[in-house]
>>> print(open('protein.txt').read())   # compact mmCIF, N, CA and C atoms
# COMPACT_ATOMS: atom_id res chain seq x y z
N MET A 1 -10.51 -14.24 -15.29
CA MET A 1 -10.73 -12.82 -15.00
C MET A 1 -11.06 -12.60 -13.53
N GLU A 2 -11.79 -13.56 -12.94
CA GLU A 2 -12.17 -13.41 -11.53
C GLU A 2 -10.95 -13.37 -10.63
N GLY A 3 -9.93 -14.15 -10.99
CA GLY A 3 -8.71 -14.17 -10.18
C GLY A 3 -8.02 -12.82 -10.16
N TYR A 4 -7.94 -12.17 -11.32
CA TYR A 4 -7.32 -10.86 -11.39
C TYR A 4 -8.13 -9.83 -10.60
N LEU A 5 -9.44 -9.90 -10.72
CA LEU A 5 -10.31 -8.97 -10.01
C LEU A 5 -10.21 -9.19 -8.49
N GLY A 6 -10.19 -10.43 -8.08
CA GLY A 6 -10.02 -10.74 -6.66
C GLY A 6 -8.68 -10.25 -6.13
N LEU A 7 -7.63 -10.42 -6.93
CA LEU A 7 -6.30 -9.95 -6.54
C LEU A 7 -6.30 -8.43 -6.43
N PHE A 8 -6.93 -7.75 -7.39
CA PHE A 8 -6.99 -6.29 -7.35
C PHE A 8 -7.63 -5.81 -6.04
N PHE A 9 -8.78 -6.37 -5.70
CA PHE A 9 -9.47 -5.92 -4.49
C PHE A 9 -8.74 -6.34 -3.21
N SER A 10 -8.10 -7.50 -3.22
CA SER A 10 -7.32 -7.88 -2.04
C SER A 10 -6.13 -6.95 -1.86
N ALA A 11 -5.48 -6.56 -2.96
CA ALA A 11 -4.36 -5.64 -2.89
C ALA A 11 -4.81 -4.25 -2.46
N LEU A 12 -5.96 -3.81 -2.98
CA LEU A 12 -6.50 -2.51 -2.60
C LEU A 12 -6.82 -2.48 -1.11
N LEU A 13 -7.52 -3.51 -0.62
CA LEU A 13 -7.88 -3.56 0.80
C LEU A 13 -6.65 -3.67 1.69
N ALA A 14 -5.65 -4.40 1.24
CA ALA A 14 -4.43 -4.58 2.04
C ALA A 14 -3.68 -3.27 2.24
N ALA A 15 -3.85 -2.32 1.34
CA ALA A 15 -3.14 -1.05 1.44
C ALA A 15 -3.91 -0.01 2.23
N THR A 16 -5.16 -0.28 2.53
CA THR A 16 -5.92 0.66 3.33
C THR A 16 -5.64 0.38 4.80
N ILE A 17 -6.32 1.06 5.63
CA ILE A 17 -6.15 0.91 7.07
C ILE A 17 -6.65 -0.48 7.53
N LEU A 18 -7.47 -1.13 6.72
CA LEU A 18 -8.01 -2.44 7.08
C LEU A 18 -6.90 -3.50 7.07
N PRO A 19 -6.88 -4.37 8.04
CA PRO A 19 -5.85 -5.42 8.05
C PRO A 19 -6.18 -6.53 7.05
N PHE A 20 -5.31 -6.73 6.09
CA PHE A 20 -5.53 -7.73 5.05
C PHE A 20 -4.19 -8.01 4.39
N SER A 21 -4.01 -9.21 3.88
CA SER A 21 -2.76 -9.55 3.21
C SER A 21 -3.04 -10.02 1.80
N SER A 22 -2.42 -9.37 0.84
CA SER A 22 -2.63 -9.73 -0.56
C SER A 22 -1.50 -10.61 -1.11
N GLU A 23 -0.39 -10.70 -0.39
CA GLU A 23 0.74 -11.48 -0.88
C GLU A 23 0.37 -12.95 -1.04
N ALA A 24 -0.40 -13.48 -0.11
CA ALA A 24 -0.82 -14.88 -0.19
C ALA A 24 -1.73 -15.10 -1.40
N VAL A 25 -2.59 -14.14 -1.67
CA VAL A 25 -3.48 -14.24 -2.84
C VAL A 25 -2.65 -14.24 -4.11
N LEU A 26 -1.69 -13.32 -4.19
CA LEU A 26 -0.81 -13.25 -5.36
C LEU A 26 -0.05 -14.56 -5.56
N ALA A 27 0.56 -15.07 -4.51
CA ALA A 27 1.34 -16.30 -4.61
C ALA A 27 0.46 -17.49 -5.00
N ALA A 28 -0.74 -17.55 -4.45
CA ALA A 28 -1.65 -18.65 -4.76
C ALA A 28 -2.08 -18.61 -6.23
N LEU A 29 -2.41 -17.43 -6.72
CA LEU A 29 -2.80 -17.31 -8.13
C LEU A 29 -1.64 -17.65 -9.05
N TYR A 30 -0.45 -17.25 -8.67
CA TYR A 30 0.72 -17.58 -9.47
C TYR A 30 0.98 -19.08 -9.48
N ALA A 31 0.78 -19.71 -8.34
CA ALA A 31 1.03 -21.15 -8.22
C ALA A 31 0.05 -21.97 -9.06
N VAL A 32 -1.15 -21.44 -9.28
CA VAL A 32 -2.15 -22.14 -10.10
C VAL A 32 -1.66 -22.31 -11.53
N ASP A 33 -0.81 -21.40 -11.97
CA ASP A 33 -0.18 -21.46 -13.30
C ASP A 33 -1.18 -21.24 -14.44
N ARG A 34 -2.29 -20.58 -14.14
CA ARG A 34 -3.26 -20.21 -15.18
C ARG A 34 -3.19 -18.73 -15.48
N TYR A 35 -2.41 -18.02 -14.72
CA TYR A 35 -2.39 -16.56 -14.81
C TYR A 35 -1.01 -16.08 -15.26
N ASP A 36 -1.02 -14.99 -16.00
CA ASP A 36 0.21 -14.38 -16.47
C ASP A 36 0.89 -13.64 -15.32
N ALA A 37 2.15 -13.94 -15.06
CA ALA A 37 2.88 -13.37 -13.93
C ALA A 37 2.99 -11.85 -14.03
N VAL A 38 3.23 -11.32 -15.22
CA VAL A 38 3.37 -9.88 -15.39
C VAL A 38 2.03 -9.19 -15.12
N LEU A 39 0.94 -9.78 -15.59
CA LEU A 39 -0.37 -9.19 -15.35
C LEU A 39 -0.74 -9.28 -13.86
N LEU A 40 -0.40 -10.39 -13.21
CA LEU A 40 -0.63 -10.50 -11.77
C LEU A 40 0.14 -9.40 -11.03
N TRP A 41 1.40 -9.21 -11.40
CA TRP A 41 2.23 -8.18 -10.78
C TRP A 41 1.63 -6.79 -10.98
N LEU A 42 1.19 -6.51 -12.20
CA LEU A 42 0.62 -5.20 -12.53
C LEU A 42 -0.68 -4.96 -11.76
N VAL A 43 -1.56 -5.95 -11.74
CA VAL A 43 -2.84 -5.81 -11.05
C VAL A 43 -2.64 -5.59 -9.56
N ALA A 44 -1.76 -6.38 -8.95
CA ALA A 44 -1.48 -6.24 -7.52
C ALA A 44 -0.86 -4.87 -7.22
N SER A 45 0.08 -4.45 -8.04
CA SER A 45 0.76 -3.17 -7.82
C SER A 45 -0.19 -2.00 -7.94
N VAL A 46 -1.03 -2.01 -8.97
CA VAL A 46 -2.00 -0.92 -9.16
C VAL A 46 -3.03 -0.92 -8.03
N GLY A 47 -3.56 -2.08 -7.69
CA GLY A 47 -4.55 -2.16 -6.62
C GLY A 47 -3.99 -1.67 -5.30
N ASN A 48 -2.78 -2.08 -4.97
CA ASN A 48 -2.17 -1.70 -3.71
C ASN A 48 -1.82 -0.21 -3.68
N THR A 49 -1.39 0.31 -4.80
CA THR A 49 -1.08 1.74 -4.88
C THR A 49 -2.36 2.57 -4.74
N LEU A 50 -3.44 2.13 -5.37
CA LEU A 50 -4.71 2.85 -5.23
C LEU A 50 -5.26 2.75 -3.81
N GLY A 51 -5.00 1.63 -3.13
CA GLY A 51 -5.38 1.53 -1.72
C GLY A 51 -4.61 2.53 -0.88
N GLY A 52 -3.33 2.73 -1.20
CA GLY A 52 -2.55 3.76 -0.52
C GLY A 52 -3.12 5.15 -0.79
N LEU A 53 -3.64 5.35 -1.99
CA LEU A 53 -4.26 6.63 -2.34
C LEU A 53 -5.51 6.88 -1.48
N VAL A 54 -6.24 5.83 -1.15
CA VAL A 54 -7.39 5.97 -0.24
C VAL A 54 -6.91 6.57 1.08
N ASN A 55 -5.79 6.04 1.60
CA ASN A 55 -5.24 6.57 2.85
C ASN A 55 -4.80 8.02 2.69
N TRP A 56 -4.20 8.35 1.54
CA TRP A 56 -3.77 9.73 1.28
C TRP A 56 -4.98 10.66 1.32
N VAL A 57 -6.07 10.26 0.67
CA VAL A 57 -7.29 11.07 0.65
C VAL A 57 -7.85 11.23 2.07
N LEU A 58 -7.85 10.14 2.84
CA LEU A 58 -8.32 10.23 4.23
C LEU A 58 -7.47 11.22 5.03
N GLY A 59 -6.16 11.14 4.85
CA GLY A 59 -5.27 12.06 5.55
C GLY A 59 -5.43 13.49 5.09
N ARG A 60 -5.65 13.66 3.83
CA ARG A 60 -5.77 15.01 3.24
C ARG A 60 -7.06 15.70 3.64
N PHE A 61 -8.16 14.95 3.70
CA PHE A 61 -9.46 15.58 3.87
C PHE A 61 -10.21 15.22 5.15
N CYS A 62 -9.75 14.25 5.90
CA CYS A 62 -10.54 13.77 7.05
C CYS A 62 -9.84 13.95 8.39
N LEU A 63 -8.75 14.69 8.43
CA LEU A 63 -7.99 14.81 9.67
C LEU A 63 -8.78 15.48 10.79
N HIS A 64 -9.73 16.31 10.43
CA HIS A 64 -10.49 17.01 11.47
C HIS A 64 -11.34 16.06 12.32
N TRP A 65 -11.44 14.78 11.94
CA TRP A 65 -12.17 13.79 12.74
C TRP A 65 -11.22 12.90 13.55
N ARG A 66 -9.96 13.27 13.64
CA ARG A 66 -8.96 12.41 14.28
C ARG A 66 -9.22 12.13 15.76
N ASP A 67 -10.01 12.94 16.43
CA ASP A 67 -10.28 12.73 17.85
C ASP A 67 -11.43 11.76 18.09
N ARG A 68 -12.05 11.28 17.05
CA ARG A 68 -13.16 10.33 17.19
C ARG A 68 -12.63 8.93 17.46
N ARG A 69 -13.38 8.16 18.20
CA ARG A 69 -12.97 6.79 18.52
C ARG A 69 -12.85 5.92 17.28
N TRP A 70 -13.68 6.16 16.28
CA TRP A 70 -13.71 5.33 15.09
C TRP A 70 -12.62 5.70 14.08
N PHE A 71 -11.88 6.77 14.34
CA PHE A 71 -10.87 7.22 13.38
C PHE A 71 -9.85 6.11 13.16
N PRO A 72 -9.50 5.80 11.90
CA PRO A 72 -8.74 4.58 11.60
C PRO A 72 -7.26 4.58 11.95
N VAL A 73 -6.66 5.72 12.26
CA VAL A 73 -5.23 5.75 12.55
C VAL A 73 -5.03 6.22 13.99
N ALA A 74 -4.35 5.39 14.77
CA ALA A 74 -4.05 5.74 16.15
C ALA A 74 -3.06 6.91 16.17
N PRO A 75 -3.19 7.80 17.14
CA PRO A 75 -2.29 8.97 17.19
C PRO A 75 -0.81 8.61 17.21
N GLU A 76 -0.44 7.54 17.92
CA GLU A 76 0.99 7.18 17.98
C GLU A 76 1.50 6.67 16.63
N ARG A 77 0.65 5.96 15.87
CA ARG A 77 1.07 5.49 14.54
C ARG A 77 1.23 6.67 13.58
N LEU A 78 0.32 7.63 13.67
CA LEU A 78 0.42 8.82 12.83
C LEU A 78 1.67 9.62 13.19
N GLN A 79 1.95 9.73 14.48
CA GLN A 79 3.14 10.45 14.92
C GLN A 79 4.42 9.76 14.43
N ARG A 80 4.45 8.43 14.47
CA ARG A 80 5.61 7.69 13.99
C ARG A 80 5.81 7.92 12.49
N ALA A 81 4.70 7.89 11.74
CA ALA A 81 4.78 8.11 10.29
C ALA A 81 5.24 9.53 9.99
N GLN A 82 4.75 10.50 10.74
CA GLN A 82 5.19 11.88 10.53
C GLN A 82 6.68 12.03 10.88
N GLY A 83 7.14 11.24 11.83
CA GLY A 83 8.57 11.23 12.15
C GLY A 83 9.40 10.76 10.97
N TRP A 84 8.91 9.73 10.27
CA TRP A 84 9.59 9.26 9.06
C TRP A 84 9.69 10.39 8.05
N PHE A 85 8.58 11.14 7.91
CA PHE A 85 8.58 12.25 6.97
C PHE A 85 9.58 13.32 7.39
N GLY A 86 9.64 13.59 8.69
CA GLY A 86 10.59 14.58 9.17
C GLY A 86 12.02 14.17 8.90
N ARG A 87 12.30 12.89 9.01
CA ARG A 87 13.65 12.38 8.83
C ARG A 87 14.01 12.19 7.36
N TYR A 88 13.10 11.60 6.59
CA TYR A 88 13.45 11.17 5.22
C TYR A 88 12.69 11.91 4.12
N GLY A 89 11.73 12.74 4.47
CA GLY A 89 10.97 13.48 3.48
C GLY A 89 10.06 12.57 2.65
N THR A 90 9.68 13.04 1.50
CA THR A 90 8.75 12.27 0.67
C THR A 90 9.36 10.96 0.17
N TRP A 91 10.69 10.86 0.18
CA TRP A 91 11.34 9.61 -0.24
C TRP A 91 10.94 8.45 0.64
N SER A 92 10.48 8.73 1.84
CA SER A 92 10.04 7.66 2.74
C SER A 92 8.85 6.90 2.17
N LEU A 93 8.15 7.51 1.22
CA LEU A 93 7.01 6.83 0.59
C LEU A 93 7.43 5.58 -0.18
N LEU A 94 8.70 5.48 -0.52
CA LEU A 94 9.18 4.24 -1.15
C LEU A 94 9.02 3.04 -0.22
N PHE A 95 8.85 3.31 1.07
CA PHE A 95 8.70 2.26 2.07
C PHE A 95 7.26 2.11 2.56
N ALA A 96 6.32 2.60 1.78
CA ALA A 96 4.90 2.51 2.15
C ALA A 96 4.40 1.06 2.17
N TRP A 97 5.18 0.14 1.65
CA TRP A 97 4.81 -1.28 1.63
C TRP A 97 5.11 -1.96 2.96
N LEU A 98 5.88 -1.32 3.83
CA LEU A 98 6.27 -1.94 5.10
C LEU A 98 5.07 -2.19 6.01
N PRO A 99 5.07 -3.30 6.71
CA PRO A 99 4.02 -3.53 7.69
C PRO A 99 4.12 -2.51 8.83
N VAL A 100 3.03 -2.28 9.49
CA VAL A 100 2.88 -1.40 10.65
C VAL A 100 3.01 0.08 10.30
N VAL A 101 4.08 0.50 9.66
CA VAL A 101 4.28 1.92 9.40
C VAL A 101 3.77 2.35 8.01
N GLY A 102 3.60 1.41 7.09
CA GLY A 102 3.24 1.75 5.72
C GLY A 102 1.91 2.46 5.56
N ASP A 103 0.87 1.92 6.17
CA ASP A 103 -0.45 2.55 6.04
C ASP A 103 -0.49 3.93 6.69
N PRO A 104 0.02 4.08 7.91
CA PRO A 104 0.05 5.43 8.48
C PRO A 104 0.94 6.38 7.68
N LEU A 105 1.95 5.85 7.03
CA LEU A 105 2.84 6.68 6.22
C LEU A 105 2.06 7.29 5.05
N THR A 106 1.23 6.50 4.40
CA THR A 106 0.44 7.03 3.28
C THR A 106 -0.62 8.01 3.79
N PHE A 107 -1.14 7.74 4.97
CA PHE A 107 -2.09 8.66 5.59
C PHE A 107 -1.39 9.98 5.93
N ALA A 108 -0.20 9.89 6.52
CA ALA A 108 0.57 11.09 6.88
C ALA A 108 0.92 11.90 5.64
N ALA A 109 1.15 11.23 4.52
CA ALA A 109 1.45 11.96 3.27
C ALA A 109 0.27 12.85 2.88
N GLY A 110 -0.94 12.36 3.10
CA GLY A 110 -2.11 13.19 2.84
C GLY A 110 -2.20 14.35 3.81
N VAL A 111 -1.95 14.06 5.09
CA VAL A 111 -1.98 15.11 6.11
C VAL A 111 -0.98 16.21 5.76
N MET A 112 0.20 15.79 5.29
CA MET A 112 1.26 16.74 4.99
C MET A 112 1.16 17.29 3.57
N ARG A 113 0.08 16.96 2.91
CA ARG A 113 -0.25 17.50 1.58
C ARG A 113 0.84 17.25 0.53
N VAL A 114 1.37 16.03 0.56
CA VAL A 114 2.34 15.64 -0.47
C VAL A 114 1.61 15.64 -1.82
N ASN A 115 2.26 16.16 -2.84
CA ASN A 115 1.68 16.19 -4.17
C ASN A 115 1.22 14.79 -4.56
N VAL A 116 -0.02 14.68 -5.03
CA VAL A 116 -0.60 13.37 -5.32
C VAL A 116 0.18 12.60 -6.38
N TRP A 117 0.73 13.29 -7.37
CA TRP A 117 1.47 12.60 -8.43
C TRP A 117 2.81 12.08 -7.92
N VAL A 118 3.47 12.86 -7.09
CA VAL A 118 4.72 12.40 -6.45
C VAL A 118 4.40 11.20 -5.57
N PHE A 119 3.31 11.32 -4.82
CA PHE A 119 2.86 10.23 -3.95
C PHE A 119 2.65 8.95 -4.76
N LEU A 120 1.89 9.03 -5.85
CA LEU A 120 1.58 7.84 -6.65
C LEU A 120 2.84 7.20 -7.24
N VAL A 121 3.77 8.01 -7.71
CA VAL A 121 5.00 7.46 -8.30
C VAL A 121 5.83 6.75 -7.24
N LEU A 122 6.08 7.41 -6.11
CA LEU A 122 6.94 6.81 -5.08
C LEU A 122 6.30 5.58 -4.44
N VAL A 123 5.04 5.68 -4.09
CA VAL A 123 4.35 4.54 -3.49
C VAL A 123 4.26 3.40 -4.49
N GLY A 124 3.95 3.73 -5.74
CA GLY A 124 3.86 2.71 -6.79
C GLY A 124 5.17 1.96 -7.00
N ILE A 125 6.28 2.67 -6.98
CA ILE A 125 7.59 2.02 -7.14
C ILE A 125 7.84 1.03 -6.00
N GLY A 126 7.62 1.47 -4.78
CA GLY A 126 7.87 0.60 -3.63
C GLY A 126 6.97 -0.62 -3.61
N LYS A 127 5.70 -0.42 -3.89
CA LYS A 127 4.76 -1.53 -3.86
C LYS A 127 4.99 -2.50 -5.02
N ALA A 128 5.33 -1.97 -6.19
CA ALA A 128 5.63 -2.83 -7.33
C ALA A 128 6.88 -3.68 -7.07
N ALA A 129 7.88 -3.08 -6.44
CA ALA A 129 9.09 -3.83 -6.11
C ALA A 129 8.77 -4.96 -5.13
N ARG A 130 7.94 -4.67 -4.14
CA ARG A 130 7.57 -5.70 -3.17
C ARG A 130 6.85 -6.85 -3.84
N TYR A 131 5.90 -6.57 -4.73
CA TYR A 131 5.17 -7.64 -5.41
C TYR A 131 6.08 -8.42 -6.36
N ALA A 132 7.05 -7.76 -6.95
CA ALA A 132 8.02 -8.49 -7.79
C ALA A 132 8.78 -9.50 -6.94
N LEU A 133 9.17 -9.08 -5.75
CA LEU A 133 9.88 -10.00 -4.83
C LEU A 133 8.99 -11.15 -4.39
N VAL A 134 7.71 -10.86 -4.18
CA VAL A 134 6.77 -11.93 -3.80
C VAL A 134 6.68 -12.97 -4.93
N LEU A 135 6.58 -12.48 -6.17
CA LEU A 135 6.51 -13.41 -7.30
C LEU A 135 7.80 -14.20 -7.46
N LEU A 136 8.92 -13.56 -7.27
CA LEU A 136 10.20 -14.27 -7.35
C LEU A 136 10.30 -15.33 -6.26
N ALA A 137 9.85 -14.99 -5.07
CA ALA A 137 9.86 -15.97 -3.97
C ALA A 137 8.93 -17.12 -4.29
N ALA A 138 7.78 -16.81 -4.85
CA ALA A 138 6.82 -17.86 -5.21
C ALA A 138 7.39 -18.78 -6.28
N LYS A 139 8.19 -18.22 -7.15
CA LYS A 139 8.82 -19.01 -8.20
C LYS A 139 10.00 -19.81 -7.68
N GLY A 140 10.47 -19.47 -6.50
CA GLY A 140 11.58 -20.21 -5.90
C GLY A 140 12.94 -19.70 -6.28
N LEU A 141 13.02 -18.45 -6.77
CA LEU A 141 14.31 -17.90 -7.18
C LEU A 141 15.06 -17.24 -6.04
N LEU A 142 14.39 -16.98 -4.95
CA LEU A 142 15.08 -16.32 -3.83
C LEU A 142 15.53 -17.32 -2.80
>>> encode(input="protein.txt", output="structure tokens")
Amino acid sequence: MEGYLGLFFSALLAATILPFSSEAVLAALYAVDRYDAVLLWLVASVGNTLGGLVNWVLGRFCLHWRDRRWFPVAPERLQRAQGWFGRYGTWSLLFAWLPVVGDPLTFAAGVMRVNVWVFLVLVGIGKAARYALVLLAAKGLL
């Protein structure tokens, strides 16, 4: 149970503005061969999607502090993420798993007041697909 809980929190933290990687945790737990692959995938996907939701909430309700030094998203990263939204709309949330642009993208979704349920579905699909690929790579199928 501790492994699943650790994976959940590593996936949650990895999706927030904090720099962290959960893919290594997922692959390591899978390699131990004591854990169910489907449950590992589900736990990582849910944790990472909820971490993206933290960013959405920050963007939705905390933008008025953006001029503070401690604010977690640099103006140029937020501008780049908003550019993705301008170009691709809410469908760009399918790419919230991408490094560098993914976290600001989920933050920008909050700023732009994307419906939370649409946000959760699109971000969840993208993040679940990424974790499925990580598990397949760990299994040696790719």
>>> atom_distance(input="protein.txt", atom1="CA of Trp97 (chain A)", atom2="atom C of Val38 (chain A)")
18.7 Å
>>> residues_around(input="protein.txt", residues="region 58-68 of chain A", least_positions_apart="5", cutoff="6 Å", atoms="only C-alpha atoms", output="PDB file with N, CA and C atoms, in the coordinates of the input")
ATOM      1  N   PHE A 107      -1.140   7.740   4.970  1.00  0.00           N
ATOM      2  CA  PHE A 107      -2.090   8.660   5.590  1.00  0.00           C
ATOM      3  C   PHE A 107      -1.390   9.980   5.930  1.00  0.00           C
ATOM      4  N   GLY A 110      -0.940  12.360   3.100  1.00  0.00           N
ATOM      5  CA  GLY A 110      -2.110  13.190   2.840  1.00  0.00           C
ATOM      6  C   GLY A 110      -2.200  14.350   3.810  1.00  0.00           C
ATOM      7  N   VAL A 111      -1.950  14.060   5.090  1.00  0.00           N
ATOM      8  CA  VAL A 111      -1.980  15.110   6.110  1.00  0.00           C
ATOM      9  C   VAL A 111      -0.980  16.210   5.760  1.00  0.00           C
TER      10      VAL A 111
END
>>> residues_around(input="protein.txt", residues="Trp41 (chain A)", least_positions_apart="2", cutoff="9 Å", atoms="only C-alpha atoms", output="list in words")
Leu26, Asp36, Ala37, Val38, Leu39, Val43, Ala44, Ser45, Val46, Ala128, Tyr131, Ala132 and Leu135 of chain A
>>> select_by_dssp(input="protein.txt", residues="region 3-125 of chain A", states="alpha helix (DSSP H)", output="NGL selection string")
:A and (3-15 or 23-32 or 37-61 or 75-88 or 102-111 or 116-125)
>>> closest_residue(input="protein.txt", among="A:Val118, A:Ala138, A:Leu133, A:Leu29", to="Glu2 (chain A)", atoms="only C-alpha atoms")
A:Leu29
>>> closest_residue(input="protein.txt", among="A:Val116, A:Ala108, A:Ala74, A:Val123", to="Leu93 (chain A)", atoms="only C-alpha atoms")
A:Val123
>>> atom_distance(input="protein.txt", atom1="atom C of Gly86 (chain A)", atom2="atom C of Thr49 (chain A)")
23.0 Å
>>> atom_distance(input="protein.txt", atom1="atom N of Leu136 (chain A)", atom2="atom N of Ala27 (chain A)")
8.9 Å
